[in-house]
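Let me begin by presenting the structure, written as structure tokens, before commenting on it.
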Amino acid sequence: TGYLYPSILYGTLTRACPAGVTLILFPFSKPSIKANFNLLDLPALAGNCLNDRMSQLSSLSSIKVGVDLGTTYSGVAWALTSTPDEINVIDRWVAKGGRTSAKAPSEIAYTPSGVKWGFGIPNEVPRLALFELLLDPTKYSLATSTNTPLAGTNHLIPPGKKLVDVVTDYLSELYKHTIKHLKGALGEDLVEFSPLDFTFIVPAVWSDAAKNLTLQAAENAGFGRKKSIRLISEPEAAAVCCLKEMQPNNLNVGDAFVVADCGSRTVNVISYTITRKAPKLEAVECVEGAGAMCGSAVLNECFEKLRSYWHQASTRAFSWVMWITELPRFDKMSHRARVYMVKEFDDCLKRNFTDSDEEDIFTCRIPGVADDSEAGIKDGMFVIDREEMREIFDPTVEEIVELVQKQVDEVEKLVAITPLPDEGLYPDAFSSIIFPRGRRRAKSLVLIGGFGESEYLRSRLQAEIRTNDDRKISILQPSMAWSAAVRGAVMCGLEGEMVRVRKVTSSYGYSCSVPFIEGIHPKIDGYIDPHDGECMCMRRMHWFIRKGEDVEDNNPIRHTFYICRSSLDELNDRITVPLLATDHPVSHPNRISWRYPLILAHLVDIYPYCTLEVDLSVIPEKFKRKIGINDQFYFRLGFDLLISIQSASMLFQFDIDGTVYSDVKACYH
């Protein structure tokens with residue numbers, strides 16, 4: 001192109017190129033280059049140029065994305081590794097004219113025109129909501145009831161679809177919107193060729209089975225295609241964001257903080273001690289976290305209880321044992337009017353209630369219902385006084401106060417710590433640097449989550465939470481608390497884990513055979529090992545992780561397994577290891593049989609946790625031949641199972657002769 005102006009030629013060819021074609025222009029300004037150029041070399045030259053360009057794009061940055069699949073609202077945030085301080089929260093969503101909000105509703109509707117989701121669902125269309133709760137119904141006592149908000153969600157699941165399919169469909173729409181947003185903000189080339197790493201937020205109180213279902217749904221929705229995906233607990237993600245944004249003025253090594261993540265459905269409290277400020281903020285868990293289903297969405301249910309009971313009774317008295325009943329007057333309301341009324345309460349009354357002396361009366365529009373002074377309906381408005389608003393709030397707030405107070409009490413039972421001279425506490429030597437100088441003090445309570453922005457909740461906590469020496473605790477409400485968790489997920493993706501040591505919340509182990517101990521083991525469980533002739537006791541619990549223990553993020557728990565087979569015909573490329581668990585502290589590992597609990601010295605509620613499938617096909621030499629009793633050959637394989645306790649999941653690997661393999665699949669029960 002040495003004889004044409006490159007810009008003119010480029011513009012002409014670009015307009016002529018079909019969509020999806022990449023145009024590469026080679027301007028030869030020197031006659032010698034043009035004279036030596038062979039047209040047949042152009043495809044290879046173009047390919048090399050394109051590869052160089054794509055390598056240049058991908059080497060500039062990777063994209064770290066945080067995803068918060070919430071019970072009522074979901075959010076997404078992202079950042080480039082080249083500009084880690086610029087965390088962007090997606091705030092424009094699918095809706096008529098666009099919608100600005102830090103999160104979109106966790107709702108989906110199946111309509112004749114296709115799937116609608118979030119703000120894009122018309123008001124008159126029935127939608128599936130609160131479906132996230134059904135991923136772990138054991139944590140929601142009303143999940144199977146026919147008279148709760150979840151009943152409609154169960155009824156609206158299309159035939160042939162499972163709950164996890166509904167979650168996948170919602171996440172698929174969220175994924176497509178996220179990619180569209182990223183391409184608009186960064187350019188299609190950068191998004192297409194840069195590594196994408198997703199960090200998903202899950203409730204801390206969930207079972208590992210529910211977390212695994214979330215991971216499966218995310219992978220099937222597109223988040224896992226040629227990309228990395230990981231899980232982080234909601235309170236930890238929020239704590240990372242808050243502690244990083246608070247430093248350096250409000251943080252000192254050795255300080256203990258209690259974090260209360262108050263969401264729409266769940267409230268989780270957890271506490272951390274700062275162990276290092278620089279070059280990277282690090283912390284350890286103080287005590288085991290706790291959680292309960294006492295989020296702000298419970299207030300909506302209480303509002304509907306109040307509304308129903310007022311119409312049923314002739315007085316304004318209130319009974320908290322009443323559940324939602326569909327009464328004739330309110331039954332005349334259209335679905336759209338009902339949605340509007342609850343939304344009015346959720347967006348205005350609930351968010352702005354402070355229990356101030358200046359606010360005595362609160363009103364909520366109630367379309368389609370005639371005035372009724374006895375029911376509190378006047379001029380098309382549902383009238384609620386200050387005392388009744390407290391009746392809506394107080395049962396939930398009191399449960400949160402109890403959760404937080406218990407966490408503060410547990411923190412202050414711990415021995416205080418003294419920082420090292422370089423202002424750092426090292427998790428691998430944490431136990432050796434504790435010096436007795438009184439009890440540890442909870443310095444502050446950090447309120448995060450949507451409900452954490454409530455001024456009434458803050459004032460109640462400020463008035464009622466006390467430390468052991470009866471002082472009030474400092475309460476912090478960070479800005480943009482609603483999106484703190486999703487921003488914290490991005491920070492973890494950028495910098496790695498902040499929490500170096502965690503508390504184990506359950507005990508994990510497996511049933512095995514151990515050498516028989518006379519007088520300790522029941523004879524019914526004794527047998528002679530057919531391979532080496534040793535007297536063994538079967539069905540003994542071996543606990544390799546115990547509730548309340550400290551585990552480090554970079555130090556996996558290791559346990560050795562031996563698999564013996566009598567002949568080559570019994571060998572295969574896949575073995576299974578059933579893991580068991582209990583939510584109680586355990587001791588005396590060789591004395592507890594999960595099969596015969598009545599004859600034991602200790603009774604423990606043990607349940608199947610998961611079954612590990614170990615793929616042995618990746619191992620060059622599997623079983624080794626041994627000589628057993630009566631000079632009979634048998635085959636044995638020894639391997640170490642590696643278990644890493646992460647923020648919201650457990651990673652399983654196995655080690656044979658120093659080589660670590662990741663070919664372990666966990667099937668949760």
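We name chains A, B, ... following the order of the structure tokens; residues begin at 1 in each chain, and ligands are numbered from 1 as shown.
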
Legend entry - Spatial neighbours of Val205 in chain A, 9 Å, only C-alpha atoms, chain gap at least 4 places, as a PyMOL selection string: chain A and resi 139+233+266+268+289-292

How would the residues just picked look written out with all heavy atoms as a tab-separated table (two decimals), in the first residue's frame?
```
chain	number	residue	atom	x	y	z
A	139	LYS	N	-31.99	-24.50	55.49
A	139	LYS	CA	-31.71	-23.27	56.21
A	139	LYS	C	-32.91	-22.33	56.25
A	139	LYS	O	-32.83	-21.25	56.81
A	139	LYS	CB	-30.53	-22.53	55.55
A	139	LYS	CG	-29.25	-23.35	55.49
A	139	LYS	CD	-28.76	-23.75	56.87
A	139	LYS	CE	-27.47	-24.54	56.80
A	139	LYS	NZ	-27.03	-25.00	58.13
A	233	SER	N	-17.40	-16.64	50.78
A	233	SER	CA	-18.55	-16.44	51.66
A	233	SER	C	-18.91	-14.96	51.70
A	233	SER	O	-18.05	-14.08	51.59
A	233	SER	CB	-18.26	-16.95	53.07
A	233	SER	OG	-17.34	-16.12	53.73
A	266	THR	N	-30.65	-13.38	54.89
A	266	THR	CA	-29.75	-13.90	55.91
A	266	THR	C	-28.98	-12.77	56.59
A	266	THR	O	-28.71	-11.74	55.98
A	266	THR	CB	-28.75	-14.91	55.32
A	266	THR	OG1	-27.97	-14.25	54.31
A	266	THR	CG2	-29.47	-16.09	54.71
A	268	ASN	N	-25.36	-12.64	58.72
A	268	ASN	CA	-24.18	-13.40	59.13
A	268	ASN	C	-23.26	-12.49	59.93
A	268	ASN	O	-23.02	-11.34	59.54
A	268	ASN	CB	-23.43	-13.93	57.91
A	268	ASN	CG	-24.27	-14.89	57.09
A	268	ASN	OD1	-24.49	-16.02	57.48
A	268	ASN	ND2	-24.75	-14.42	55.94
A	289	GLY	N	-17.99	-18.05	62.98
A	289	GLY	CA	-19.09	-17.16	62.61
A	289	GLY	C	-20.44	-17.80	62.87
A	289	GLY	O	-20.56	-19.00	63.15
A	290	ALA	N	-21.49	-16.99	62.79
A	290	ALA	CA	-22.85	-17.47	63.02
A	290	ALA	C	-23.79	-16.75	62.06
A	290	ALA	O	-23.46	-15.69	61.52
A	290	ALA	CB	-23.28	-17.23	64.47
A	291	GLY	N	-24.95	-17.32	61.84
A	291	GLY	CA	-25.91	-16.70	60.94
A	291	GLY	C	-27.32	-17.17	61.22
A	291	GLY	O	-27.54	-18.18	61.91
A	292	ALA	N	-28.29	-16.44	60.68
A	292	ALA	CA	-29.70	-16.80	60.85
A	292	ALA	C	-30.51	-16.16	59.73
A	292	ALA	O	-30.06	-15.22	59.07
A	292	ALA	CB	-30.22	-16.32	62.21
```

Inset, instruction - From the DSSP assignment of the backbone, select every residue of range 393-634 of chain A that is strand (DSSP E), and format the answer as a ChimeraX atom specification. - result: /A:442-448,474-476,499-503,507-515,526-528,535-545,550-552,557-565,574-582,607-615,624-627,633-634

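Distances from A:Leu135, A:Met491, A:Val125, A:Ala260 to Gln216 in chain A were compared using only C-alpha atoms, and the smallest one belongs to A:Leu135.
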
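Every residue of range 194-273 of chain A with a DSSP assignment of alpha helix (DSSP H), taken from the backbone, is listed as A:Asp208, A:Ala209, A:Ala210, A:Lys211, A:Asn212, A:Leu213, A:Thr214, A:Leu215, A:Gln216, A:Ala217, A:Ala218, A:Glu234, A:Pro235, A:Glu236, A:Ala237, A:Ala238, A:Ala239, A:Val240, A:Cys241, A:Cys242, A:Leu243, A:Lys244, A:Glu245, A:Met246.
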
Could you dump the residues just selected with N, CA, C and O atoms as a compact mmCIF listing (two decimals), in the first residue's frame?
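Output file result-v2.txt follows:
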```
# COMPACT_ATOMS: atom_id res chain seq x y z
N ASP A 208 -22.41 -27.15 52.07
CA ASP A 208 -21.52 -27.28 50.92
C ASP A 208 -22.26 -27.83 49.71
O ASP A 208 -21.89 -27.56 48.57
N ALA A 209 -23.29 -28.63 49.94
CA ALA A 209 -24.09 -29.14 48.82
C ALA A 209 -24.77 -28.00 48.08
O ALA A 209 -24.80 -27.97 46.84
N ALA A 210 -25.33 -27.03 48.82
CA ALA A 210 -25.98 -25.87 48.19
C ALA A 210 -24.96 -25.01 47.46
O ALA A 210 -25.23 -24.50 46.37
N LYS A 211 -23.78 -24.84 48.06
CA LYS A 211 -22.73 -24.06 47.39
C LYS A 211 -22.30 -24.74 46.10
O LYS A 211 -22.03 -24.08 45.09
N ASN A 212 -22.24 -26.07 46.13
CA ASN A 212 -21.85 -26.80 44.93
C ASN A 212 -22.90 -26.67 43.84
O ASN A 212 -22.57 -26.58 42.65
N LEU A 213 -24.19 -26.66 44.22
CA LEU A 213 -25.25 -26.43 43.24
C LEU A 213 -25.12 -25.06 42.60
O LEU A 213 -25.33 -24.90 41.39
N THR A 214 -24.78 -24.05 43.40
CA THR A 214 -24.58 -22.71 42.87
C THR A 214 -23.43 -22.71 41.86
O THR A 214 -23.51 -22.09 40.79
N LEU A 215 -22.35 -23.40 42.20
CA LEU A 215 -21.20 -23.48 41.30
C LEU A 215 -21.58 -24.18 40.00
O LEU A 215 -21.20 -23.72 38.90
N GLN A 216 -22.35 -25.25 40.08
CA GLN A 216 -22.80 -25.95 38.87
C GLN A 216 -23.65 -25.04 38.00
O GLN A 216 -23.49 -24.99 36.77
N ALA A 217 -24.59 -24.32 38.64
CA ALA A 217 -25.46 -23.42 37.88
C ALA A 217 -24.66 -22.32 37.20
O ALA A 217 -24.92 -21.98 36.04
N ALA A 218 -23.66 -21.78 37.90
CA ALA A 218 -22.83 -20.73 37.31
C ALA A 218 -22.03 -21.24 36.13
O ALA A 218 -21.92 -20.57 35.09
N GLU A 234 -20.19 -14.70 51.85
CA GLU A 234 -20.70 -13.32 51.81
C GLU A 234 -20.09 -12.43 52.88
O GLU A 234 -19.62 -11.32 52.57
N PRO A 235 -20.05 -12.84 54.15
CA PRO A 235 -19.48 -11.95 55.16
C PRO A 235 -17.99 -11.71 54.95
O PRO A 235 -17.49 -10.62 55.24
N GLU A 236 -17.25 -12.71 54.46
CA GLU A 236 -15.82 -12.51 54.24
C GLU A 236 -15.59 -11.51 53.11
O GLU A 236 -14.71 -10.64 53.22
N ALA A 237 -16.36 -11.62 52.03
CA ALA A 237 -16.22 -10.68 50.92
C ALA A 237 -16.52 -9.26 51.39
O ALA A 237 -15.80 -8.30 51.06
N ALA A 238 -17.58 -9.12 52.16
CA ALA A 238 -17.94 -7.79 52.67
C ALA A 238 -16.89 -7.26 53.63
O ALA A 238 -16.56 -6.07 53.62
N ALA A 239 -16.35 -8.15 54.47
CA ALA A 239 -15.33 -7.72 55.43
C ALA A 239 -14.07 -7.25 54.71
O ALA A 239 -13.45 -6.27 55.12
N VAL A 240 -13.69 -7.96 53.65
CA VAL A 240 -12.51 -7.55 52.87
C VAL A 240 -12.68 -6.13 52.37
O VAL A 240 -11.79 -5.29 52.49
N CYS A 241 -13.86 -5.84 51.81
CA CYS A 241 -14.12 -4.51 51.27
C CYS A 241 -14.05 -3.45 52.37
O CYS A 241 -13.38 -2.43 52.23
N CYS A 242 -14.72 -3.72 53.47
CA CYS A 242 -14.80 -2.71 54.54
C CYS A 242 -13.44 -2.48 55.19
O CYS A 242 -13.04 -1.34 55.41
N LEU A 243 -12.72 -3.55 55.50
CA LEU A 243 -11.44 -3.39 56.19
C LEU A 243 -10.42 -2.70 55.29
O LEU A 243 -9.61 -1.90 55.76
N LYS A 244 -10.45 -2.99 54.00
CA LYS A 244 -9.52 -2.33 53.09
C LYS A 244 -9.86 -0.85 52.93
O LYS A 244 -8.97 0.00 52.86
N GLU A 245 -11.14 -0.53 52.86
CA GLU A 245 -11.53 0.87 52.69
C GLU A 245 -11.36 1.67 53.98
O GLU A 245 -11.24 2.89 53.94
N MET A 246 -11.34 0.99 55.13
CA MET A 246 -11.15 1.68 56.40
C MET A 246 -9.69 2.00 56.69
O MET A 246 -9.38 2.96 57.37
```

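CA of Ser513 in chain A is found 6.2 Å from CA of Met536 in chain A.
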
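Take CA of Glu613 in chain A and CA of Lys665 in chain A: the distance between them is 5.1 Å.
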
Legend entry - Closest of A:Pro126, A:Gly263, A:Gly224, A:Gly548 to Ser74 in chain A - atom-to-atom distances counting only C-alpha atoms: A:Gly263

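Nearest residue to Ala484 in chain A, choosing from A:Leu128, A:Val259, A:Val397, A:Ala109 and counting only C-alpha atoms: A:Val259.
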
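Comparing the minimum interatomic distances between Leu494 in chain A and each of A:Thr560, A:Thr71, A:Thr199, A:Thr576, counting only C-alpha atoms, we find that A:Thr199 sits nearest.
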
Legend entry - d(CA of Ser207 in chain A, CA of Ser507 in chain A) in Å: 13.5 Å

Set out as CSV a contact list for range 526-562 of chain A and range 509-512 of chain A with a cut-off of 9 Å, giving each residue of range 526-562 of chain A that qualifies its closest atom pair and distance in Å to one decimal, counting only C-alpha atoms, ordered by chain and rising residue number.
```
residue,atom,partner,partner_atom,distance
A:Cys537,CA,A:Cys512,CA,8.4
A:Met538,CA,A:Cys512,CA,6.1
A:Arg539,CA,A:Ser511,CA,5.2
A:Arg540,CA,A:Ser511,CA,5.3
A:Met541,CA,A:Ser511,CA,4.6
A:His542,CA,A:Gly509,CA,5.3
A:Trp543,CA,A:Gly509,CA,4.1
A:Phe544,CA,A:Gly509,CA,5.5
A:Ile545,CA,A:Gly509,CA,6.8
A:Arg546,CA,A:Gly509,CA,8.6
```

For the residues selected in the previous step, produce a file with N, CA and C atoms as a PDB file, in the first residue's frame.
```pdb
ATOM      1  N   CYS A 537     -10.217 -53.546  63.714  1.00  0.00           N
ATOM      2  CA  CYS A 537     -11.581 -53.176  64.115  1.00  0.00           C
ATOM      3  C   CYS A 537     -12.171 -52.303  63.021  1.00  0.00           C
ATOM      4  N   MET A 538     -13.308 -52.684  62.509  1.00  0.00           N
ATOM      5  CA  MET A 538     -13.922 -51.952  61.395  1.00  0.00           C
ATOM      6  C   MET A 538     -14.845 -50.850  61.901  1.00  0.00           C
ATOM      7  N   ARG A 539     -15.237 -49.980  60.990  1.00  0.00           N
ATOM      8  CA  ARG A 539     -16.227 -48.923  61.236  1.00  0.00           C
ATOM      9  C   ARG A 539     -15.837 -47.994  62.377  1.00  0.00           C
ATOM     10  N   ARG A 540     -14.592 -47.580  62.405  1.00  0.00           N
ATOM     11  CA  ARG A 540     -14.155 -46.579  63.380  1.00  0.00           C
ATOM     12  C   ARG A 540     -14.067 -45.227  62.685  1.00  0.00           C
ATOM     13  N   MET A 541     -14.503 -44.182  63.365  1.00  0.00           N
ATOM     14  CA  MET A 541     -14.424 -42.836  62.800  1.00  0.00           C
ATOM     15  C   MET A 541     -13.025 -42.265  63.018  1.00  0.00           C
ATOM     16  N   HIS A 542     -12.442 -41.792  61.938  1.00  0.00           N
ATOM     17  CA  HIS A 542     -11.179 -41.057  62.037  1.00  0.00           C
ATOM     18  C   HIS A 542     -11.446 -39.617  61.617  1.00  0.00           C
ATOM     19  N   TRP A 543     -11.232 -38.691  62.526  1.00  0.00           N
ATOM     20  CA  TRP A 543     -11.479 -37.274  62.245  1.00  0.00           C
ATOM     21  C   TRP A 543     -10.156 -36.602  61.881  1.00  0.00           C
ATOM     22  N   PHE A 544     -10.088 -36.082  60.653  1.00  0.00           N
ATOM     23  CA  PHE A 544      -8.874 -35.362  60.275  1.00  0.00           C
ATOM     24  C   PHE A 544      -9.050 -33.857  60.319  1.00  0.00           C
ATOM     25  N   ILE A 545     -10.277 -33.362  60.480  1.00  0.00           N
ATOM     26  CA  ILE A 545     -10.540 -31.940  60.722  1.00  0.00           C
ATOM     27  C   ILE A 545     -11.593 -31.870  61.812  1.00  0.00           C
ATOM     28  N   ARG A 546     -11.354 -31.044  62.821  1.00  0.00           N
ATOM     29  CA  ARG A 546     -12.291 -30.972  63.942  1.00  0.00           C
ATOM     30  C   ARG A 546     -12.858 -29.580  64.099  1.00  0.00           C
TER      31      ARG A 546
END
```
